[in-house]
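Peer 1: I'd like to ask you about the structure that follows.
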Amino acid sequence: MAATRILLVDNGSLQPAATLQLRLLSKEVGRLLGETVHPVSVLHSHKIDPALLEGQPAVIFEQAVQQAKADGINELIVLPLFIGPSLAITEYLPKVFAEANAGKIKLSIREPLFGPELISMLIDNLKSTGWTKGSGTVYLCDHGSPIREVTRCRDFFALSLRNQLGLNEDELIACSMERREGAEYDFNEPLLEDALQQAKGEAVVLMLFLLPGRHAGSDGDVATIAKEHAPDGLGWKLSPLLGTHPALPALLVQRHLNFKFTKNAVIADALFVVPMFVLIGILAPNDLELTEHSMIWRGGVVATFAALFLFLREKLRKKS
């Protein structure tokens, strides 16, 4: 029986399309890894009628933990289908796991998707709408978050996209679908409904969303906001979602393998340091001073770690 189980975890939705797309992603990530990856949601999706999900009920994280206990799993590995450090993965999942009394099961949560790899995917999605430089205003739109770090991710992407595409701030605007009340959440501004008033030419809403659902579906909240608040005569389009980009499964695999790579590099280096120290003590001339011994030892450690780093990185590159 498998000692480790991998879960691809999204936030969850009551829309069947989100769970179905999550399953497709899980299957592809599993194919790339050569092992089963289970599609799991934080909340909501278990309420969907299984008849709308090809007869197979959706699974939320709490259920997945209980099943892991019953199956004798030793470690649950979570691949977060989240762009930034949402509270769902930094607080809620560990809380649910702790309350489940999972016993000796270990919970390992990999890093979210934030990183430069998403920039090229966003550019692909933008250009797929027919957008060209000078054709109109781009609105990089996320949900809006109570966590400043999540909004910083959005703003990083906006700055990077402007630099790569040669756009000014009024040509590519970062905005939120919605926000919480209160001055402490002003970092989410501007809202999409207000930012659309600044549009020049055609507006393209570049979706910083992963899966379809109540917010990001073709008739979701973002589309509704554009319909209701776009100035008269303004043409607008929604970009594809990041969850449909063909490079996403490989990125999820990379997030998983990067963690294993770093862990293996540290372990391997620790295993080599002690033998290296002993070997240098045996081979080094006896008349060397302590500082010279120390310099040789440090050089040996650095060289060993560098060699191991390059070896493990090459293995990671080939696998991903």
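Following the order of the structure tokens, chains are lettered A, B, ..., residues in each are numbered from 1, and ligands are numbered from 1.
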Which of region 162-213 of chain A counts as strand (DSSP E) under DSSP, as number ranges by chain please?

Peer 2: A: 172-176, 202-207

Peer 1: Run DSSP on the backbone and grab whatever in region 164-264 of chain A lands in helix (DSSP H, G or I); send it over as a PyMOL selection string.

Peer 2: chain A and resi 164-165+183-188+192-198+221-229+242-244+248-264

Peer 1: Report as a Markdown table: every residue of region 189-211 of chain A with an atom at most 9 Å from region 115-134 of chain A, its closest pair of atoms, and their distance in Å to one decimal, counting only C-alpha atoms, with rows sorted by chain and ascending residue number.

Peer 2:
| residue | atom | partner | partner_atom | distance |
| --- | --- | --- | --- | --- |
| A:Gly201 | CA | A:Gly134 | CA | 8.1 |
| A:Glu202 | CA | A:Trp131 | CA | 8.6 |
| A:Val204 | CA | A:Trp131 | CA | 7.5 |
| A:Val205 | CA | A:Leu126 | CA | 8.5 |
| A:Leu206 | CA | A:Leu126 | CA | 6.2 |
| A:Met207 | CA | A:Leu122 | CA | 8.2 |
| A:Leu208 | CA | A:Leu122 | CA | 8.1 |

Peer 1: What separation in Å, quoted to one decimal, exists between CA of Asp71 (chain A) and CA of Ala3 (chain A)?

Peer 2: 9.2 Å

Peer 1: Excluding Ile105 (chain A) and any residue of its chain fewer than 5 positions from it, enumerate the residues within 10 Å of it, using only C-alpha atoms, and give them as a PDB file with N, CA and C atoms, in the first residue's frame.

Peer 2:
ATOM      1  N   ALA A   3       2.672   4.575   0.748  1.00  0.00           N
ATOM      2  CA  ALA A   3       2.907   5.295   1.988  1.00  0.00           C
ATOM      3  C   ALA A   3       2.667   6.778   1.816  1.00  0.00           C
ATOM      4  N   THR A   4       2.710   7.238   0.569  1.00  0.00           N
ATOM      5  CA  THR A   4       2.555   8.663   0.276  1.00  0.00           C
ATOM      6  C   THR A   4       1.403   8.853  -0.696  1.00  0.00           C
ATOM      7  N   VAL A  65      -8.393  13.511   4.090  1.00  0.00           N
ATOM      8  CA  VAL A  65      -7.591  13.162   5.268  1.00  0.00           C
ATOM      9  C   VAL A  65      -8.152  11.914   5.936  1.00  0.00           C
ATOM     10  N   ALA A  68      -7.261   8.936   3.938  1.00  0.00           N
ATOM     11  CA  ALA A  68      -5.841   8.605   4.102  1.00  0.00           C
ATOM     12  C   ALA A  68      -5.598   7.836   5.400  1.00  0.00           C
ATOM     13  N   LYS A  69      -6.304   8.224   6.457  1.00  0.00           N
ATOM     14  CA  LYS A  69      -6.198   7.499   7.727  1.00  0.00           C
ATOM     15  C   LYS A  69      -6.666   6.056   7.550  1.00  0.00           C
ATOM     16  N   GLY A  72      -4.131   3.881   5.659  1.00  0.00           N
ATOM     17  CA  GLY A  72      -2.796   3.695   6.217  1.00  0.00           C
ATOM     18  C   GLY A  72      -1.714   4.518   5.539  1.00  0.00           C
ATOM     19  N   ILE A  73      -2.089   5.679   5.013  1.00  0.00           N
ATOM     20  CA  ILE A  73      -1.121   6.561   4.352  1.00  0.00           C
ATOM     21  C   ILE A  73      -0.215   7.204   5.405  1.00  0.00           C
ATOM     22  N   ASN A  74       1.068   7.301   5.099  1.00  0.00           N
ATOM     23  CA  ASN A  74       2.023   7.913   6.029  1.00  0.00           C
ATOM     24  C   ASN A  74       2.209   9.413   5.805  1.00  0.00           C
ATOM     25  N   GLU A  75       2.039   9.845   4.558  1.00  0.00           N
ATOM     26  CA  GLU A  75       2.266  11.266   4.259  1.00  0.00           C
ATOM     27  C   GLU A  75       1.298  11.734   3.184  1.00  0.00           C
ATOM     28  N   LEU A  76       0.687  12.888   3.421  1.00  0.00           N
ATOM     29  CA  LEU A  76      -0.135  13.567   2.430  1.00  0.00           C
ATOM     30  C   LEU A  76       0.658  14.750   1.876  1.00  0.00           C
ATOM     31  N   PHE A  97      -6.435  19.545   9.085  1.00  0.00           N
ATOM     32  CA  PHE A  97      -5.600  18.360   9.274  1.00  0.00           C
ATOM     33  C   PHE A  97      -5.405  18.072  10.759  1.00  0.00           C
TER      34      PHE A  97
END

Peer 1: Pick out the closest residue to Gln254 (chain A) from this set: A:Arg148, A:Arg154, A:Lys27, A:Arg110. Count only C-alpha atoms.

Peer 2: A:Arg110

Peer 1: Need the shell around Asp142 (chain A): protein/DNA/RNA residues with any atom at most 12 Å away, counting only C-alpha atoms. Skip same-chain ones fewer than 6 positions apart. Format as an MDAnalysis selection string?

Peer 2: chainID A and resid 82:84 150:155 157:158 173:179 188:192 205:210 215:216 221:222 241:242

Peer 1: Which value, in Å to one decimal, gives the distance between CA of Ala195 (chain A) and CA of Glu228 (chain A)?

Peer 2: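 Those two atoms sit 13.0 Å apart.
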